[in-house]
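So this block is data.csv, CSV, C-alpha atoms:
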chain,number,residue,atom,x,y,z
U,1436,MET,CA,-31.5,49.9,-10.6
U,1437,ASN,CA,-31.6,48.7,-7.1
U,1438,ARG,CA,-28.7,47.3,-5.2
U,1439,ARG,CA,-30.0,43.7,-5.3
U,1440,LEU,CA,-30.4,43.7,-9.0
U,1441,ARG,CA,-26.8,45.1,-9.5
U,1442,ILE,CA,-25.5,42.2,-7.3
U,1443,VAL,CA,-27.4,39.6,-9.4
U,1444,ILE,CA,-26.0,41.1,-12.6
U,1445,MET,CA,-22.5,41.2,-11.2
U,1446,VAL,CA,-22.7,37.5,-10.1
U,1447,CYS,CA,-24.1,36.5,-13.5
U,1448,GLY,CA,-21.3,38.4,-15.2
U,1449,VAL,CA,-18.7,36.7,-13.1
U,1450,VAL,CA,-20.2,33.2,-13.8
U,1451,PHE,CA,-20.4,33.9,-17.5
U,1452,LEU,CA,-16.8,35.1,-17.5
U,1453,GLY,CA,-15.8,32.0,-15.7
U,1454,ILE,CA,-17.5,29.8,-18.2
U,1455,LEU,CA,-15.8,31.6,-21.0
U,1456,VAL,CA,-12.4,31.1,-19.4
U,1457,MET,CA,-13.1,27.4,-18.7
U,1458,LEU,CA,-14.2,26.8,-22.3
U,1459,SER,CA,-11.4,28.9,-23.9
U,1460,PRO,CA,-8.9,26.9,-25.9
U,1461,ILE,CA,-6.2,29.1,-24.4
U,1462,PHE,CA,-6.5,27.1,-21.1
U,1463,SER,CA,-6.7,23.7,-22.7
U,1464,ILE,CA,-3.7,21.6,-21.6
U,1465,SER,CA,-1.5,21.4,-24.6
U,1466,ASP,CA,2.0,20.8,-23.0
U,1467,ILE,CA,2.4,17.9,-20.6
U,1468,GLN,CA,5.9,17.4,-19.1
U,1469,ILE,CA,6.4,14.0,-17.4
U,1470,THR,CA,9.6,13.3,-15.5
U,1471,GLY,CA,10.9,10.4,-13.4
U,1472,ASN,CA,9.3,7.5,-15.2
U,1473,ASN,CA,11.4,4.7,-16.4
U,1474,ARG,CA,9.3,1.6,-16.0
U,1475,ILE,CA,5.9,3.2,-16.3
U,1476,SER,CA,5.2,4.5,-19.8
U,1477,SER,CA,4.1,8.1,-20.4
U,1478,ASP,CA,1.0,6.9,-22.3
U,1479,SER,CA,0.0,4.8,-19.2
U,1480,ILE,CA,0.4,7.9,-17.0
U,1481,LEU,CA,-1.7,10.0,-19.3
U,1482,GLU,CA,-4.4,7.5,-19.6
U,1483,SER,CA,-4.7,7.0,-15.8
U,1484,SER,CA,-4.7,10.8,-15.3
U,1485,GLY,CA,-7.5,11.3,-17.8
U,1486,LEU,CA,-5.3,13.3,-20.2
U,1487,ILE,CA,-5.6,11.3,-23.4
U,1488,GLU,CA,-8.1,13.9,-24.7
U,1489,PRO,CA,-7.6,17.7,-24.3
U,1490,VAL,CA,-8.6,18.9,-20.8
U,1491,ASN,CA,-9.1,22.5,-19.6
U,1492,ILE,CA,-6.4,23.3,-16.9
U,1493,PHE,CA,-9.1,24.5,-14.5
U,1494,ILE,CA,-11.3,21.4,-14.9
U,1495,PHE,CA,-8.4,18.9,-14.6
U,1496,ASN,CA,-9.2,16.7,-11.5
U,1497,ARG,CA,-5.9,16.2,-9.8
U,1498,GLY,CA,-7.3,14.2,-6.9
U,1499,LYS,CA,-9.0,11.7,-9.2
U,1500,ALA,CA,-5.8,11.4,-11.3
U,1501,GLU,CA,-3.7,10.7,-8.1
U,1502,LYS,CA,-6.2,8.1,-7.0
U,1503,GLU,CA,-6.1,6.3,-10.4
U,1504,LEU,CA,-2.3,6.3,-10.5
U,1505,ALA,CA,-2.1,4.9,-7.0
U,1506,LYS,CA,-3.5,1.7,-8.4
U,1507,ASN,CA,-0.2,1.1,-10.1
U,1508,LEU,CA,2.0,-0.6,-7.5
U,1509,TYR,CA,5.2,0.3,-9.4
U,1510,LEU,CA,4.4,4.0,-8.6
U,1511,GLN,CA,5.5,5.3,-5.2
U,1512,ASP,CA,4.5,8.9,-5.6
U,1513,VAL,CA,3.3,11.5,-8.2
U,1514,SER,CA,2.8,15.2,-8.1
U,1515,PHE,CA,1.1,17.6,-10.5
U,1516,GLU,CA,1.9,21.3,-11.1
U,1517,LYS,CA,-0.3,23.5,-13.2
U,1518,ILE,CA,1.7,26.1,-15.1
U,1519,TYR,CA,-0.8,28.5,-16.6
U,1520,PRO,CA,-2.2,28.9,-19.1
U,1521,SER,CA,-1.8,25.4,-20.7
U,1522,THR,CA,1.1,23.4,-19.2
U,1523,LEU,CA,0.9,20.5,-16.8
U,1524,ALA,CA,4.1,19.1,-15.1
U,1525,ILE,CA,3.9,15.6,-13.8
U,1526,LYS,CA,6.7,14.3,-11.5
U,1527,VAL,CA,6.8,10.6,-11.0
U,1528,LEU,CA,8.7,8.5,-8.3
U,1529,GLU,CA,8.8,4.8,-9.1
U,1530,ARG,CA,9.5,2.1,-6.6
U,1531,GLN,CA,13.0,0.5,-6.7
U,1532,ILE,CA,12.8,-3.1,-7.6
U,1533,ILE,CA,15.5,-5.3,-6.0
U,1534,GLY,CA,14.8,-8.7,-7.5
U,1535,TYR,CA,12.6,-11.7,-8.2
U,1536,ILE,CA,11.6,-14.5,-5.8
U,1537,PRO,CA,10.6,-17.9,-7.2
U,1538,TYR,CA,7.0,-18.9,-6.4
U,1539,LEU,CA,5.5,-22.1,-7.9
U,1540,ASP,CA,6.0,-21.6,-11.7
U,1541,SER,CA,6.3,-17.9,-11.5
U,1542,TYR,CA,8.3,-15.1,-9.8
U,1543,LEU,CA,7.3,-12.4,-7.3
U,1544,CYS,CA,8.7,-8.9,-8.0
U,1545,ILE,CA,9.6,-7.1,-4.8
U,1546,ASP,CA,10.8,-3.5,-4.0
U,1547,GLU,CA,13.4,-2.2,-1.6
U,1548,ASN,CA,10.9,-2.4,1.3
U,1549,GLY,CA,9.9,-6.0,0.6
U,1550,MET,CA,6.5,-5.1,-1.0
U,1551,VAL,CA,5.2,-7.5,-3.6
U,1552,LEU,CA,4.6,-5.5,-6.7
U,1553,ASP,CA,3.8,-8.1,-9.3
U,1554,VAL,CA,3.7,-11.8,-10.3
U,1555,SER,CA,5.5,-12.6,-13.5
U,1556,ALA,CA,5.8,-15.8,-15.5
U,1557,SER,CA,9.4,-14.9,-16.3
U,1558,ILE,CA,12.3,-12.7,-15.2
U,1559,ASP,CA,11.9,-9.7,-17.5
U,1560,GLU,CA,14.7,-7.4,-16.2
U,1561,ALA,CA,18.4,-7.7,-15.3
U,1562,LEU,CA,17.7,-8.1,-11.6
U,1563,PRO,CA,18.8,-10.8,-9.2
U,1564,LEU,CA,16.9,-14.0,-8.5
U,1565,ILE,CA,16.5,-14.2,-4.8
U,1566,ASP,CA,16.7,-17.8,-3.4
U,1567,GLY,CA,16.1,-18.9,0.2
U,1568,LEU,CA,13.2,-16.8,1.5
U,1569,ARG,CA,10.5,-18.9,3.2
U,1570,PHE,CA,6.9,-17.8,3.1
U,1571,SER,CA,3.5,-19.5,2.7
U,1572,THR,CA,1.4,-16.8,1.1
U,1573,PHE,CA,1.6,-13.2,-0.2
U,1574,THR,CA,-0.6,-10.3,-1.2
U,1575,LEU,CA,0.0,-7.9,-4.0
U,1576,GLY,CA,0.7,-4.4,-2.6
U,1577,GLU,CA,1.7,-5.7,0.8
U,1578,HIS,CA,5.1,-6.6,2.4
U,1579,LEU,CA,6.1,-10.2,2.0
U,1580,ALA,CA,5.6,-12.0,5.3
U,1581,VAL,CA,8.7,-14.2,5.4
U,1582,GLU,CA,9.4,-16.8,8.1
U,1583,ASN,CA,13.2,-16.4,8.1
U,1584,LYS,CA,13.5,-12.7,9.0
U,1585,GLU,CA,17.3,-12.8,9.2
U,1586,ALA,CA,17.6,-13.9,5.6
U,1587,PHE,CA,15.1,-11.2,4.5
U,1588,ASN,CA,17.2,-8.5,6.3
U,1589,ILE,CA,20.3,-9.8,4.6
U,1590,ILE,CA,18.6,-9.4,1.2
U,1591,MET,CA,17.7,-5.8,2.1
U,1592,THR,CA,21.3,-5.1,3.1
U,1593,LEU,CA,22.8,-6.6,0.0
U,1594,ALA,CA,20.2,-4.8,-2.2
U,1595,ASN,CA,21.3,-1.4,-0.8
U,1596,LEU,CA,25.0,-2.3,-1.4
U,1597,PHE,CA,24.3,-3.4,-5.0
U,1598,ASP,CA,22.7,-0.1,-5.6
U,1599,LYS,CA,25.5,1.8,-3.8
U,1600,TYR,CA,28.2,0.2,-5.9
U,1601,ASP,CA,26.2,-0.1,-9.2
U,1602,LEU,CA,26.4,-3.8,-9.2
U,1603,GLN,CA,22.8,-5.0,-9.3
U,1604,GLU,CA,21.9,-4.6,-13.0
U,1605,GLU,CA,25.3,-5.1,-14.3
U,1606,PHE,CA,26.6,-8.3,-12.6
U,1607,ILE,CA,24.6,-10.0,-9.9
U,1608,ASN,CA,22.1,-12.5,-11.3
U,1609,LYS,CA,21.3,-14.6,-8.1
U,1610,VAL,CA,21.5,-14.2,-4.3
U,1611,ASP,CA,21.3,-17.4,-2.3
U,1612,VAL,CA,20.4,-17.0,1.4
U,1613,ASN,CA,19.3,-20.5,2.1
U,1614,ASP,CA,22.1,-20.6,4.7
U,1615,VAL,CA,22.6,-17.2,6.4
U,1616,ASN,CA,26.0,-18.3,7.5
U,1617,ASP,CA,27.1,-19.2,4.0
U,1618,ILE,CA,25.6,-16.6,1.6
U,1619,HIS,CA,26.4,-17.1,-2.1
U,1620,LEU,CA,26.2,-14.6,-5.0
U,1621,HIS,CA,26.1,-15.7,-8.6
U,1622,ILE,CA,27.8,-13.4,-11.1
U,1623,TYR,CA,26.8,-14.9,-14.5
U,1624,ASN,CA,28.5,-18.4,-14.3
U,1625,ILE,CA,30.7,-17.6,-11.2
U,1626,ASP,CA,29.6,-18.9,-7.8
U,1627,VAL,CA,30.9,-16.3,-5.2
U,1628,ALA,CA,31.2,-17.6,-1.6
U,1629,PHE,CA,30.2,-14.5,0.4
U,1630,GLY,CA,30.0,-16.1,3.8
U,1631,LEU,CA,28.4,-14.0,6.6
U,1632,ILE,CA,26.8,-10.7,6.1
U,1633,SER,CA,29.4,-9.1,8.3
U,1634,ASP,CA,31.9,-6.7,6.5
U,1635,ALA,CA,29.4,-6.8,3.6
U,1636,ASP,CA,30.3,-3.3,2.4
U,1637,GLU,CA,34.0,-4.1,2.1
U,1638,LYS,CA,33.2,-7.5,0.5
U,1639,ILE,CA,31.0,-5.9,-2.1
U,1640,ARG,CA,33.5,-3.1,-2.8
U,1641,THR,CA,36.3,-5.7,-3.2
U,1642,LEU,CA,34.1,-7.9,-5.4
U,1643,LYS,CA,33.4,-5.1,-7.7
U,1644,ALA,CA,37.1,-4.3,-8.0
U,1645,ILE,CA,37.8,-8.0,-8.8
U,1646,ILE,CA,35.2,-8.1,-11.4
U,1647,GLN,CA,36.4,-4.9,-13.1
U,1648,ASP,CA,40.1,-5.7,-12.9
U,1649,THR,CA,40.2,-9.5,-13.4
U,1650,LEU,CA,37.0,-10.4,-15.1
U,1651,PRO,CA,36.4,-8.0,-18.0
U,1652,ASP,CA,34.3,-10.7,-19.7
U,1653,SER,CA,32.8,-12.6,-16.8
U,1654,ARG,CA,29.9,-13.9,-18.9
U,1655,SER,CA,32.4,-16.3,-20.6
U,1656,VAL,CA,33.9,-17.7,-17.4
U,1657,ARG,CA,32.6,-20.6,-15.2
U,1658,GLY,CA,34.1,-20.9,-11.8
U,1659,THR,CA,34.1,-20.1,-8.1
U,1660,LEU,CA,35.4,-17.1,-6.1
U,1661,ASP,CA,35.8,-16.9,-2.4
U,1662,VAL,CA,35.5,-13.5,-0.7
U,1663,ARG,CA,34.5,-14.8,2.8
U,1664,VAL,CA,37.7,-13.5,4.5
U,1665,ILE,CA,38.6,-9.9,4.2
U,1666,GLY,CA,42.3,-9.4,3.4
U,1667,LYS,CA,42.8,-12.9,2.1
U,1668,GLN,CA,44.1,-13.3,-1.4
U,1669,TYR,CA,41.1,-13.9,-3.7
U,1670,ILE,CA,41.5,-16.6,-6.2
U,1671,LEU,CA,39.2,-17.4,-9.1
U,1672,LYS,CA,39.0,-21.1,-9.8
U,1673,VAL,CA,38.0,-21.6,-13.3
U,1674,LEU,CA,35.9,-24.7,-14.1
U,1675,THR,CA,36.4,-26.5,-17.4

What is this file in structure tokens?
Amino acid sequence: MNRRLRIVIMVCGVVFLGILVMLSPIFSISDIQITGNNRISSDSILESSGLIEPVNIFIFNRGKAEKELAKNLYLQDVSFEKIYPSTLAIKVLERQIIGYIPYLDSYLCIDENGMVLDVSASIDEALPLIDGLRFSTFTLGEHLAVENKEAFNIIMTLANLFDKYDLQEEFINKVDVNDVNDIHLHIYNIDVAFGLISDADEKIRTLKAIIQDTLPDSRSVRGTLDVRVIGKQYILKVLT
């Protein structure tokens, strides 16, 4: 047997072995571990990744899966890790939604960077309604081009503070920046005069303490609260 024939036989053997491995049920992905997804369902991730039907771990097209998942604007990043022989770990990072902006008869859903993620007919989550941003048009998947930049920056600052002090989903249901010198927050039925954005961290921290200590059932209270001046005695005026 000459050298060339031996090489051909070896190559064919390797190819045949490779085909056997790729077709072997041992390497069929049977365990898929998805972490980090709260808003995006696991079924949706599996469908976009082409993993509804059994797939061989060697054949799984990671690049195609990433490209398909990137079409979901709520998804910021995703990574795949193959754990041989049959496990696939998927780590998901979702965008942080900060609130809804009224637009005609619907609402724009924006993330912490001001990107428009969706248009909804209703407010579906316990997130603030953002009032006072001026814009003429928008594009899904792009940053909202607002005319009043200062008001937009205030919204971003407040969103970070709401997240820092765990206020966003629990209490704040509206942020009004129509007048940047006279910001208002709405906590259920309480109109909070916030004033300027200066000292915002201390104001939010104080506001949370007031809510927790004075208003254990703030849903049932209608009134006004003024936190514009740091150090001033804060008085809740209940409306009847």

Within 9 Å of Ser1484 of chain U, counting only C-alpha atoms, which residues show up once you throw out same-chain ones fewer than 6 positions away? Write them as a PyMOL selection string, please. chain U and resi 1495-1497+1499-1504

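Coordinates place atom CA of Val1627 of chain U at a distance of 11.4 Å from atom CA of Ile1645 of chain U.
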
Counting all atoms listed in the file, which residues sit no farther than 9 Å from the position (6.7, 13.8, -13.1) in the file's frame? I'd like them as a list in words. Gln1468, Ile1469, Thr1470, Gly1471, Asn1472, Val1513, Ser1514, Phe1515, Ala1524, Ile1525, Lys1526, Val1527 and Leu1528 of chain U

Residue contacts of Ile1607 of chain U (8 Å, only C-alpha atoms) excluding same-chain residues fewer than 4 positions away, as a ChimeraX atom specification: /U:1562-1563,1602-1603,1620-1623

Please save C-alpha atoms of the selected residues as a short mmCIF file (atom, residue, chain, number, x, y, z; two decimals), in the frame of the given file.
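Heads up, here's the output in selection38.cif:
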data_model
loop_
_atom_site.label_atom_id
_atom_site.label_comp_id
_atom_site.auth_asym_id
_atom_site.auth_seq_id
_atom_site.Cartn_x
_atom_site.Cartn_y
_atom_site.Cartn_z
CA LEU U 1562 17.70 -8.10 -11.60
CA PRO U 1563 18.80 -10.80 -9.20
CA LEU U 1602 26.40 -3.80 -9.20
CA GLN U 1603 22.80 -5.00 -9.30
CA LEU U 1620 26.20 -14.60 -5.00
CA HIS U 1621 26.10 -15.70 -8.60
CA ILE U 1622 27.80 -13.40 -11.10
CA TYR U 1623 26.80 -14.90 -14.50
#

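What separates atom CA of Ile1618 of chain U from atom CA of Tyr1509 of chain U is a distance of 28.7 Å.
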
Leaving out segment 1533-1535 of chain U and any residue of its chain fewer than 3 positions from it, which residues lie within 7 Å of it when counting all atoms listed in the file, given as a PyMOL selection string? chain U and resi 1542-1547+1562-1565+1594

At a cut-off of 8 Å, using only C-alpha atoms, what residues contact Leu1631 of chain U? Leave out same-chain residues fewer than 5 positions from it and give the result as a PyMOL selection string. chain U and resi 1615-1618+1663

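When only C-alpha atoms are used to compute distances to Pro1520 of chain U, the closest of the residues U:Val1551, U:Ala1505, U:Ile1464, U:Ile1480 turns out to be U:Ile1464.
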
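Taking atom CA of Asp1614 of chain U as the reference point, atom CA of Lys1584 of chain U is found at 12.4 Å.
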
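Compared by their closest atoms to Lys1672 of chain U, and using only C-alpha atoms, the residues U:Asp1636, U:Glu1577, U:Glu1585, U:Asp1626 rank with U:Asp1626 nearest.
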
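Take the candidates U:Leu1568, U:Leu1575, U:Leu1510, U:Ile1632 and check each one against Ile1589 of chain U using only C-alpha atoms; the shortest distance goes to U:Ile1632.
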
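For Gly1567 of chain U, the residues within 10 Å (counting all atoms listed in the file, excluding itself and residues fewer than 4 positions away along the chain) are Ile1536, Pro1537, Asn1583, Ala1586, Phe1587, Ile1590, Val1610, Asp1611, Val1612, Asn1613, Asp1614, Val1615 and Ile1618 of chain U.
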
Would you save the residues of that selection, restricted to C-alpha atoms, as a tab-separated table (two decimals), in the coordinates of the input?
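So the final result, stored in result-v2.tsv, reads:
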chain	number	residue	atom	x	y	z
U	1536	ILE	CA	11.60	-14.50	-5.80
U	1537	PRO	CA	10.60	-17.90	-7.20
U	1583	ASN	CA	13.20	-16.40	8.10
U	1586	ALA	CA	17.60	-13.90	5.60
U	1587	PHE	CA	15.10	-11.20	4.50
U	1590	ILE	CA	18.60	-9.40	1.20
U	1610	VAL	CA	21.50	-14.20	-4.30
U	1611	ASP	CA	21.30	-17.40	-2.30
U	1612	VAL	CA	20.40	-17.00	1.40
U	1613	ASN	CA	19.30	-20.50	2.10
U	1614	ASP	CA	22.10	-20.60	4.70
U	1615	VAL	CA	22.60	-17.20	6.40
U	1618	ILE	CA	25.60	-16.60	1.60

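Considering all atoms listed in the file, the residue among U:Ser1521, U:Ser1557, U:Gln1647, U:Thr1641 positioned nearest to Leu1596 of chain U is U:Thr1641.
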
Which is closest to Phe1570 of chain U among U:Tyr1538, U:Tyr1519, U:Phe1629, U:Phe1462, if we use all atoms listed in the file? U:Tyr1538

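Shortest separation to Glu1582 of chain U among U:Lys1506, U:Arg1530, U:Lys1599, U:Arg1569 occurs at residue U:Arg1569, atoms counted being all atoms listed in the file.
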